[in-house]
file protein32.pdb (PDB, C-alpha atoms and all ligand atoms)
ATOM      1  CA  MET U  29      34.284  98.398 -40.599
ATOM      2  CA  TRP U  30      31.692  97.724 -37.906
ATOM      3  CA  VAL U  31      34.193  95.608 -35.996
ATOM      4  CA  LEU U  32      36.733  98.432 -36.062
ATOM      5  CA  ARG U  33      34.122 100.922 -34.861
ATOM      6  CA  TRP U  34      33.182  98.564 -32.066
ATOM      7  CA  MET U  35      36.865  98.279 -31.082
ATOM      8  CA  GLU U  36      37.142 102.052 -30.994
ATOM      9  CA  GLU U  37      34.066 102.351 -28.779
ATOM     10  CA  CYS U  38      35.174  99.580 -26.412
ATOM     11  CA  GLY U  39      38.790 100.758 -26.232
ATOM     12  CA  GLU U  40      40.255  97.304 -26.934
ATOM     13  CA  GLU U  41      44.084  97.235 -26.916
ATOM     14  CA  LYS U  42      44.628  94.277 -29.215
ATOM     15  CA  ALA U  43      42.366  92.515 -31.649
ATOM     16  CA  VAL U  44      42.487  90.136 -34.568
ATOM     17  CA  VAL U  45      39.808  90.315 -37.250
ATOM     18  CA  TYR U  46      39.108  86.990 -38.960
ATOM     19  CA  SER U  47      37.523  86.984 -42.389
ATOM     20  CA  TYR U  48      36.785  84.234 -44.893
ATOM     21  CA  LEU U  49      36.931  86.826 -47.731
ATOM     22  CA  LEU U  50      40.473  86.421 -49.020
ATOM     23  CA  SER U  51      39.940  89.022 -51.759
ATOM     24  CA  ALA U  52      38.928  91.624 -49.170
ATOM     25  CA  LEU U  53      42.057  90.937 -47.120
ATOM     26  CA  MET U  54      44.226  91.124 -50.240
ATOM     27  CA  ALA U  55      42.637  94.480 -51.062
ATOM     28  CA  LEU U  56      43.592  95.763 -47.612
ATOM     29  CA  GLY U  57      47.134  94.612 -48.353
ATOM     30  CA  GLY U  58      47.101  96.481 -51.671
ATOM     31  CA  ARG U  59      47.164  93.311 -53.788
ATOM     32  CA  GLU U  60      43.862  93.485 -55.633
ATOM     33  CA  GLY U  61      45.011  95.482 -58.666
ATOM     34  CA  GLY U  62      42.424  98.272 -58.301
ATOM     35  CA  ARG U  63      39.371  96.012 -58.624
ATOM     36  CA  ALA U  64      38.289  96.448 -54.998
ATOM     37  CA  ARG U  65      36.134  99.183 -53.527
ATOM     38  CA  SER U  66      38.934 101.723 -53.118
ATOM     39  CA  ASP U  67      36.724 104.054 -51.079
ATOM     40  CA  MET U  68      35.860 101.348 -48.532
ATOM     41  CA  VAL U  69      39.432 100.046 -48.424
ATOM     42  CA  GLY U  70      40.666 103.587 -47.793
ATOM     43  CA  GLU U  71      38.107 104.080 -45.039
ATOM     44  CA  ILE U  72      39.107 100.834 -43.313
ATOM     45  CA  LEU U  73      42.821 101.639 -43.526
ATOM     46  CA  MET U  74      42.152 105.085 -42.083
ATOM     47  CA  MET U  75      40.261 103.488 -39.217
ATOM     48  CA  VAL U  76      43.110 101.024 -38.566
ATOM     49  CA  PHE U  77      45.597 103.902 -38.571
ATOM     50  CA  LYS U  78      43.417 105.817 -36.140
ATOM     51  CA  LEU U  79      43.160 102.797 -33.808
ATOM     52  CA  LYS U  80      46.916 102.283 -33.890
ATOM     53  CA  ARG U  81      47.475 105.895 -32.891
ATOM     54  CA  GLN U  82      45.180 105.244 -29.937
ATOM     55  CA  GLY U  83      47.352 102.288 -28.940
ATOM     56  CA  CYS U  84      45.148  99.552 -30.329
ATOM     57  CA  GLY U  85      46.882  96.877 -32.403
ATOM     58  CA  VAL U  86      44.727  95.360 -35.132
ATOM     59  CA  GLY U  87      45.597  92.305 -37.180
ATOM     60  CA  PHE U  88      43.723  90.600 -39.998
ATOM     61  CA  LEU U  89      43.710  86.864 -40.615
ATOM     62  CA  TRP U  90      42.121  84.753 -43.275
ATOM     63  CA  ALA U  91      39.819  82.025 -41.998
ATOM     64  CA  PRO U  92      38.987  79.761 -44.956
ATOM     65  CA  ALA U  93      35.272  79.263 -45.512
ATOM     66  CA  HIS U  94      33.541  76.299 -43.963
ATOM     67  CA  VAL U  95      33.221  74.399 -47.223
ATOM     68  CA  GLY U  96      33.227  70.700 -46.498
ATOM     69  CA  VAL U  97      32.859  71.171 -42.752
ATOM     70  CA  GLU U  98      30.290  68.797 -41.359
ATOM     71  CA  GLY U  99      27.202  70.517 -39.971
ATOM     72  CA  LYS U 100      27.771  73.795 -41.895
ATOM     73  CA  ARG U 101      24.319  73.753 -43.503
ATOM     74  CA  THR U 102      22.632  73.066 -40.175
ATOM     75  CA  VAL U 103      24.473  75.944 -38.492
ATOM     76  CA  ASP U 104      23.739  78.333 -41.361
ATOM     77  CA  LYS U 105      20.068  77.388 -41.275
ATOM     78  CA  ALA U 106      19.858  77.943 -37.550
ATOM     79  CA  ALA U 107      21.625  81.296 -37.852
ATOM     80  CA  ARG U 108      19.205  82.497 -40.536
ATOM     81  CA  ALA U 109      16.226  81.305 -38.529
ATOM     82  CA  SER U 110      17.419  83.308 -35.546
ATOM     83  CA  LEU U 111      17.360  86.457 -37.664
ATOM     84  CA  GLY U 112      13.754  85.879 -38.684
ATOM     85  CA  GLY U 113      14.456  85.993 -42.412
ATOM     86  CA  ASP U 114      16.422  84.431 -45.232
ATOM     87  CA  MET U 115      18.720  87.362 -45.904
ATOM     88  CA  VAL U 116      20.444  90.151 -44.021
ATOM     89  CA  GLU U 117      20.091  93.288 -46.110
ATOM     90  CA  VAL U 118      22.686  95.987 -45.671
ATOM     91  CA  GLY U 119      22.540  99.104 -47.802
ATOM     92  CA  VAL U 120      26.050  99.878 -49.043
ATOM     93  CA  PRO U 121      26.207 102.735 -51.563
ATOM     94  CA  PHE U 122      28.311 102.313 -54.713
ATOM     95  CA  GLY U 123      31.814 103.684 -54.618
ATOM     96  CA  ARG U 124      33.152 106.155 -57.175
ATOM     97  CA  MET U 125      35.040 103.438 -59.060
ATOM     98  CA  GLU U 126      31.957 101.220 -59.188
ATOM     99  CA  CYS U 127      29.815 104.124 -60.452
ATOM    100  CA  ARG U 128      32.367 104.795 -63.186
ATOM    101  CA  ASN U 129      32.430 101.130 -64.208
ATOM    102  CA  ILE U 130      28.634 100.917 -64.286
ATOM    103  CA  ILE U 131      28.349 104.092 -66.380
ATOM    104  CA  ASN U 132      31.032 102.831 -68.786
ATOM    105  CA  GLU U 133      29.279  99.487 -69.095
ATOM    106  CA  ARG U 134      25.907 101.110 -69.842
ATOM    107  CA  LEU U 135      27.480 103.463 -72.399
ATOM    108  CA  ILE U 136      29.158 100.545 -74.178
ATOM    109  CA  GLN U 137      25.840  98.654 -74.225
ATOM    110  CA  GLN U 138      24.051 101.661 -75.720
ATOM    111  CA  TRP U 139      26.843 102.200 -78.238
ATOM    112  CA  GLN U 140      26.731  98.504 -79.198
ATOM    113  CA  GLN U 141      22.964  98.663 -79.737
ATOM    114  CA  GLU U 142      23.304 101.716 -81.974
ATOM    115  CA  TRP U 143      26.153 100.028 -83.873
ATOM    116  CA  ASN U 144      23.997  96.916 -84.399
ATOM    117  CA  GLU U 145      21.001  98.876 -85.663
ATOM    118  CA  ASP U 146      22.685 101.652 -87.649
ATOM    119  CA  ALA U 147      22.441 101.536 -91.442
ATOM    120  CA  ARG U 148      25.774 103.277 -91.871
ATOM    121  CA  GLY U 149      29.270 101.808 -91.661
ATOM    122  CA  ARG U 150      28.101  98.295 -92.538
ATOM    123  CA  LYS U 151      31.344  97.410 -94.284
ATOM    124  CA  LEU U 152      33.270  98.011 -91.087
ATOM    125  CA  TYR U 153      30.504  96.317 -89.078
ATOM    126  CA  ASP U 154      31.029  93.129 -91.097
ATOM    127  CA  ILE U 155      34.591  92.832 -89.825
ATOM    128  CA  HIS U 156      34.275  94.655 -86.483
ATOM    129  CA  PRO U 157      30.795  93.932 -85.052
ATOM    130  CA  ILE U 158      31.689  94.164 -81.361
ATOM    131  CA  ILE U 159      32.479  97.530 -79.767
ATOM    132  CA  LYS U 160      35.931  97.251 -78.209
ATOM    133  CA  PRO U 161      39.268  99.032 -78.454
ATOM    134  CA  GLY U 162      40.885  98.558 -81.832
ATOM    135  CA  ILE U 163      44.245  96.853 -82.249
ATOM    136  CA  ILE U 164      47.145  99.021 -83.385
ATOM    137  CA  VAL U 165      49.136  97.086 -85.961
ATOM    138  CA  SER U 166      52.069  99.548 -86.263
ATOM    139  CA  LEU U 167      52.752  99.438 -89.986
ATOM    140  CA  SER U 168      54.497 102.061 -92.054
ATOM    141  CA  TRP U 169      52.592 105.289 -92.557
ATOM    142  CA  ILE U 170      51.432 104.451 -96.083
ATOM    143  CA  ASP U 171      50.575 100.818 -95.229
ATOM    144  CA  GLU U 172      48.487 101.917 -92.251
ATOM    145  CA  ILE U 173      46.496 104.138 -94.606
ATOM    146  CA  LYS U 174      45.945 101.214 -96.997
ATOM    147  CA  TRP U 175      45.034  98.902 -94.090
ATOM    148  CA  THR U 176      42.471 101.363 -92.739
ATOM    149  CA  ARG U 177      40.967 101.887 -96.179
ATOM    150  CA  LEU U 178      40.609  98.131 -96.619
ATOM    151  CA  ARG U 179      38.827  97.832 -93.274
ATOM    152  CA  LEU U 180      36.509 100.762 -93.935
ATOM    153  CA  GLY U 181      35.854  99.672 -97.504
ATOM    154  CA  HIS U 182      36.389 103.244 -98.718
ATOM    155  CA  CYS U 183      39.195 103.086-101.246
ATOM    156  CA  GLY U 184      40.003 103.555-104.907
ATOM    157  CA  LEU U 185      38.349 100.379-106.203
ATOM    158  CA  ALA U 186      35.699 100.725-108.905
ATOM    159  CA  SER U 187      32.670 100.113-106.658
ATOM    160  CA  GLU U 188      33.702 103.108-104.551
ATOM    161  CA  LEU U 189      34.781 105.337-107.428
ATOM    162  CA  VAL U 190      31.397 104.973-109.106
ATOM    163  CA  LEU U 191      29.762 106.520-106.014
ATOM    164  CA  VAL U 192      31.613 109.775-106.668
ATOM    165  CA  GLY U 193      31.236 109.686-110.439
ATOM    166  CA  LYS U 194      34.816 108.567-111.109
ATOM    167  CA  HIS U 195      33.990 105.209-112.721
ATOM    168  CA  ARG U 196      31.440 104.355-115.364
ATOM    169  CA  ASP U 197      29.839 101.265-113.789
ATOM    170  CA  GLY U 198      31.824 100.255-110.654
ATOM    171  CA  LYS U 199      32.520  96.783-112.053
ATOM    172  CA  CYS U 200      35.682  94.723-112.211
ATOM    173  CA  GLU U 201      37.132  94.895-115.733
ATOM    174  CA  HIS U 202      38.131  91.241-115.558
ATOM    175  CA  CYS U 203      34.875  89.618-114.482
ATOM    176  CA  GLY U 204      32.130  92.236-114.717
ATOM    177  CA  VAL U 205      30.914  92.175-111.095
ATOM    178  CA  PRO U 206      31.162  95.080-108.590
ATOM    179  CA  GLU U 207      34.819  95.549-107.732
ATOM    180  CA  SER U 208      34.827  95.708-103.935
ATOM    181  CA  VAL U 209      37.418  94.892-101.266
ATOM    182  CA  LYS U 210      35.711  91.548-100.747
ATOM    183  CA  HIS U 211      35.819  90.792-104.461
ATOM    184  CA  VAL U 212      39.527  91.518-104.952
ATOM    185  CA  LEU U 213      40.654  89.850-101.714
ATOM    186  CA  LEU U 214      38.558  86.700-101.945
ATOM    187  CA  PHE U 215      37.078  86.060-105.375
ATOM    188  CA  CYS U 216      38.495  87.868-108.402
ATOM    189  CA  PRO U 217      40.133  85.226-110.673
ATOM    190  CA  ARG U 218      42.588  87.854-111.894
ATOM    191  CA  TYR U 219      44.574  87.512-108.633
ATOM    192  CA  VAL U 220      44.251  83.779-108.138
ATOM    193  CA  GLY U 221      48.015  83.123-108.074
ATOM    194  CA  GLU U 222      48.772  85.879-105.551
ATOM    195  CA  ARG U 223      45.771  84.808-103.475
ATOM    196  CA  ARG U 224      47.047  81.245-103.360
ATOM    197  CA  MET U 225      50.321  82.561-101.955
ATOM    198  CA  LEU U 226      48.407  84.624 -99.375
ATOM    199  CA  PHE U 227      46.240  81.721 -98.300
ATOM    200  CA  THR U 228      49.295  79.498 -98.030
ATOM    201  CA  GLY U 229      50.931  81.880 -95.561
ATOM    202  CA  LEU U 230      47.932  82.685 -93.372
ATOM    203  CA  PRO U 231      47.468  79.235 -91.750
ATOM    204  CA  LYS U 232      50.925  79.686 -90.199
ATOM    205  CA  LEU U 233      49.366  82.637 -88.345
ATOM    206  CA  GLY U 234      46.488  80.500 -87.095
ATOM    207  CA  ILE U 235      43.989  81.599 -89.767
ATOM    208  CA  GLU U 236      42.361  78.554 -91.307
ATOM    209  CA  THR U 237      39.178  80.056 -92.823
ATOM    210  CA  PHE U 238      39.179  83.025 -95.150
ATOM    211  CA  SER U 239      36.584  85.796 -94.974
ATOM    212  CA  LEU U 240      36.695  89.569 -94.649
ATOM    213  CA  ARG U 241      36.381  89.169 -90.868
ATOM    214  CA  THR U 242      39.247  86.703 -90.520
ATOM    215  CA  LEU U 243      41.440  88.690 -92.932
ATOM    216  CA  LEU U 244      40.733  92.245 -91.768
ATOM    217  CA  GLY U 245      39.162  91.865 -88.292
ATOM    218  CA  ASP U 246      40.750  91.987 -84.846
ATOM    219  CA  GLY U 247      41.699  88.327 -84.777
ATOM    220  CA  LEU U 248      44.965  86.454 -84.429
ATOM    221  CA  ASN U 249      48.382  87.984 -85.210
ATOM    222  CA  PRO U 250      47.057  91.310 -86.540
ATOM    223  CA  LYS U 251      50.407  92.800 -87.547
ATOM    224  CA  GLU U 252      51.742  89.704 -89.294
ATOM    225  CA  ARG U 253      48.376  89.200 -91.005
ATOM    226  CA  ALA U 254      48.284  92.828 -92.138
ATOM    227  CA  LEU U 255      51.790  92.479 -93.579
ATOM    228  CA  GLU U 256      50.752  89.379 -95.543
ATOM    229  CA  ILE U 257      47.752  91.218 -96.980
ATOM    230  CA  ILE U 258      49.815  94.317 -97.775
ATOM    231  CA  HIS U 259      52.226  92.016 -99.617
ATOM    232  CA  PHE U 260      49.256  90.623-101.577
ATOM    233  CA  LEU U 261      48.200  94.166-102.500
ATOM    234  CA  LYS U 262      51.699  95.021-103.691
ATOM    235  CA  SER U 263      52.155  91.838-105.698
ATOM    236  CA  THR U 264      48.814  92.355-107.475
ATOM    237  CA  GLY U 265      49.263  96.088-108.093
ATOM    238  CA  LEU U 266      46.183  96.804-105.955
ATOM    239  CA  HIS U 267      48.319  98.715-103.417
ATOM    240  CA  ARG U 268      48.300 101.762-105.697
ATOM    241  CA  ARG U 269      44.507 101.686-106.107
ATOM    242  CA  ILE U 270      43.378 101.026-102.550
TER     243      ILE U 270
HETATM  244 ZN    ZN C 301      37.209  90.554-110.750
END

call {"tool": "encode", "arguments": {"input": "protein32.pdb", "output": "structure tokens"}}
result
Amino acid sequence: MWVLRWMEECGEEKAVVYSYLLSALMALGGREGGRARSDMVGEILMMVFKLKRQGCGVGFLWAPAHVGVEGKRTVDKAARASLGGDMVEVGVPFGRMECRNIINERLIQQWQQEWNEDARGRKLYDIHPIIKPGIIVSLSWIDEIKWTRLRLGHCGLASELVLVGKHRDGKCEHCGVPESVKHVLLFCPRYVGERRMLFTGLPKLGIETFSLRTLLGDGLNPKERALEIIHFLKSTGLHRRI
């Protein structure tokens, strides 16, 4: 920017600006995918346009950094010494895009901290501990409901029904322990045959260890994994109760 301003003041007719910052040059060429400082890029392009209208041709060329060039350290040291300090400090305010990214990042951090410390939603926290966009698995309407209930842990199993007075003790009729999603998916001996079938199919999807997080979390092959688990629910009769 300063170079362009200097060219405008001096009235140069032709100039080439060399830079070792390839990413900056790519941003000026519109090839940085929106990650660059759009405000500064826009300002520079406006300045180039203005210079061209005044008859000044401006070109940009990439000059690769001096990595590996003999004497680079000596030259850098001498240049810094001439400035009387170790660093050149230039105050450049954040652009709008950078401000938005910083605010988003801080909000996510705050949200993550609250999610870590909250006493509520711990069943979902066990399988989804990191705040990030959820994965849409695109199942049928009814299967998506069952899938969401499994992940939230709020369903028609005994341990949930007892909370609303719809079950006498919340325990599995087969083995006498609380009947939760974790119990029916991983432990209940009543579904051992169907579970063996499920656990035989999951390694083909890259799932080698079995826990609520690997079964219901945002891991590998979410749709195919969800379909396998829905099939388990249907084969055990749990699909109606979830
Ligand atoms: Zn059981």

call {"tool": "residues_near_ligand", "arguments": {"input": "protein32.pdb", "ligand": "ligand ZN 301 (chain C)", "cutoff": "12 Å", "atoms": "all atoms listed in the file", "output": "count of residues only"}}
result
27

call {"tool": "atom_distance", "arguments": {"input": "protein32.pdb", "atom1": "atom CA of Ile173 of chain U", "atom2": "atom CA of Lys251 of chain U"}}
result
13.9 Å

call {"tool": "residues_around", "arguments": {"input": "protein32.pdb", "residues": "Gly57 of chain U", "least_positions_apart": "3", "cutoff": "10 Å", "atoms": "only C-alpha atoms", "output": "compact mmCIF listing (two decimals) with C-alpha atoms, in the coordinates of the input"}}
result
# COMPACT_ATOMS: atom_id res chain seq x y z
CA SER U 51 39.94 89.02 -51.76
CA ALA U 52 38.93 91.62 -49.17
CA LEU U 53 42.06 90.94 -47.12
CA MET U 54 44.23 91.12 -50.24
CA GLU U 60 43.86 93.48 -55.63
CA VAL U 69 39.43 100.05 -48.42
CA LEU U 73 42.82 101.64 -43.53
CA PHE U 88 43.72 90.60 -40.00

call {"tool": "resolve_selection", "arguments": {"input": "protein32.pdb", "expression": "the PyMOL selection byres (((chain U and resi 154) around 12) and not hetatm)", "output": "VMD selection string"}}
result
chain U and resid 143 to 144 148 to 153 155 to 158 179 to 181 210 239 to 246

call {"tool": "atom_distance", "arguments": {"input": "protein32.pdb", "atom1": "atom CA of Tyr48 of chain U", "atom2": "atom CA of Pro92 of chain U"}}
result
5.0 Å

call {"tool": "resolve_selection", "arguments": {"input": "protein32.pdb", "expression": "the PyMOL selection byres (((chain U and resi 36-45) around 9) and not hetatm)", "output": "list in words"}}
result
Val31, Leu32, Arg33, Trp34, Met35, Tyr46, Ser47, Met75, Lys78, Leu79, Gln82, Gly83, Cys84, Gly85, Val86, Gly87, Phe88, Leu89 and Trp90 of chain U

call {"tool": "write_last_selection", "arguments": {"input": "protein32.pdb", "atoms": "C-alpha atoms", "output": "compact mmCIF listing (two decimals), in the coordinates of the input"}}
result
# COMPACT_ATOMS: atom_id res chain seq x y z
CA VAL U 31 34.19 95.61 -36.00
CA LEU U 32 36.73 98.43 -36.06
CA ARG U 33 34.12 100.92 -34.86
CA TRP U 34 33.18 98.56 -32.07
CA MET U 35 36.86 98.28 -31.08
CA TYR U 46 39.11 86.99 -38.96
CA SER U 47 37.52 86.98 -42.39
CA MET U 75 40.26 103.49 -39.22
CA LYS U 78 43.42 105.82 -36.14
CA LEU U 79 43.16 102.80 -33.81
CA GLN U 82 45.18 105.24 -29.94
CA GLY U 83 47.35 102.29 -28.94
CA CYS U 84 45.15 99.55 -30.33
CA GLY U 85 46.88 96.88 -32.40
CA VAL U 86 44.73 95.36 -35.13
CA GLY U 87 45.60 92.30 -37.18
CA PHE U 88 43.72 90.60 -40.00
CA LEU U 89 43.71 86.86 -40.62
CA TRP U 90 42.12 84.75 -43.28

call {"tool": "resolve_selection", "arguments": {"input": "protein32.pdb", "expression": "the PyMOL selection byres (((chain U and resi 254-257) around 10) and not hetatm)", "output": "VMD selection string"}}
result
chain U and resid 165 to 167 171 to 172 174 to 175 178 213 223 225 to 227 229 to 230 233 243 to 245 249 to 253 258 to 263 267

call {"tool": "atom_distance", "arguments": {"input": "protein32.pdb", "atom1": "atom CA of Ala147 of chain U", "atom2": "atom CA of Gly193 of chain U"}}
result
22.5 Å

call {"tool": "closest_residue", "arguments": {"input": "protein32.pdb", "among": "U:Glu71, U:Gly265, U:Asp146, U:Lys160", "to": "Asn132 of chain U", "atoms": "all atoms listed in the file"}}
result
U:Lys160

call {"tool": "axis_aligned_box", "arguments": {"input": "protein32.pdb", "around": "segment 179-193 of chain U", "padding_each_side": "3 Å", "output": "JSON"}}
result
{"center_x": 34.9, "center_y": 103.8, "center_z": -101.9, "size_x": 16.2, "size_y": 17.9, "size_z": 23.2}

call {"tool": "closest_residue", "arguments": {"input": "protein32.pdb", "among": "U:Ser66, U:Arg224, U:Ile136, U:Glu236", "to": "Pro161 of chain U", "atoms": "all atoms listed in the file"}}
result
U:Ile136

call {"tool": "closest_residue", "arguments": {"input": "protein32.pdb", "among": "U:Ile159, U:Val120, U:Met125, U:Ile164", "to": "Gln140 of chain U", "atoms": "all atoms listed in the file"}}
result
U:Ile159

call {"tool": "closest_residue", "arguments": {"input": "protein32.pdb", "among": "U:Ile270, U:Gln138, U:Thr228, U:Arg128", "to": "Cys183 of chain U", "atoms": "all atoms listed in the file"}}
result
U:Ile270
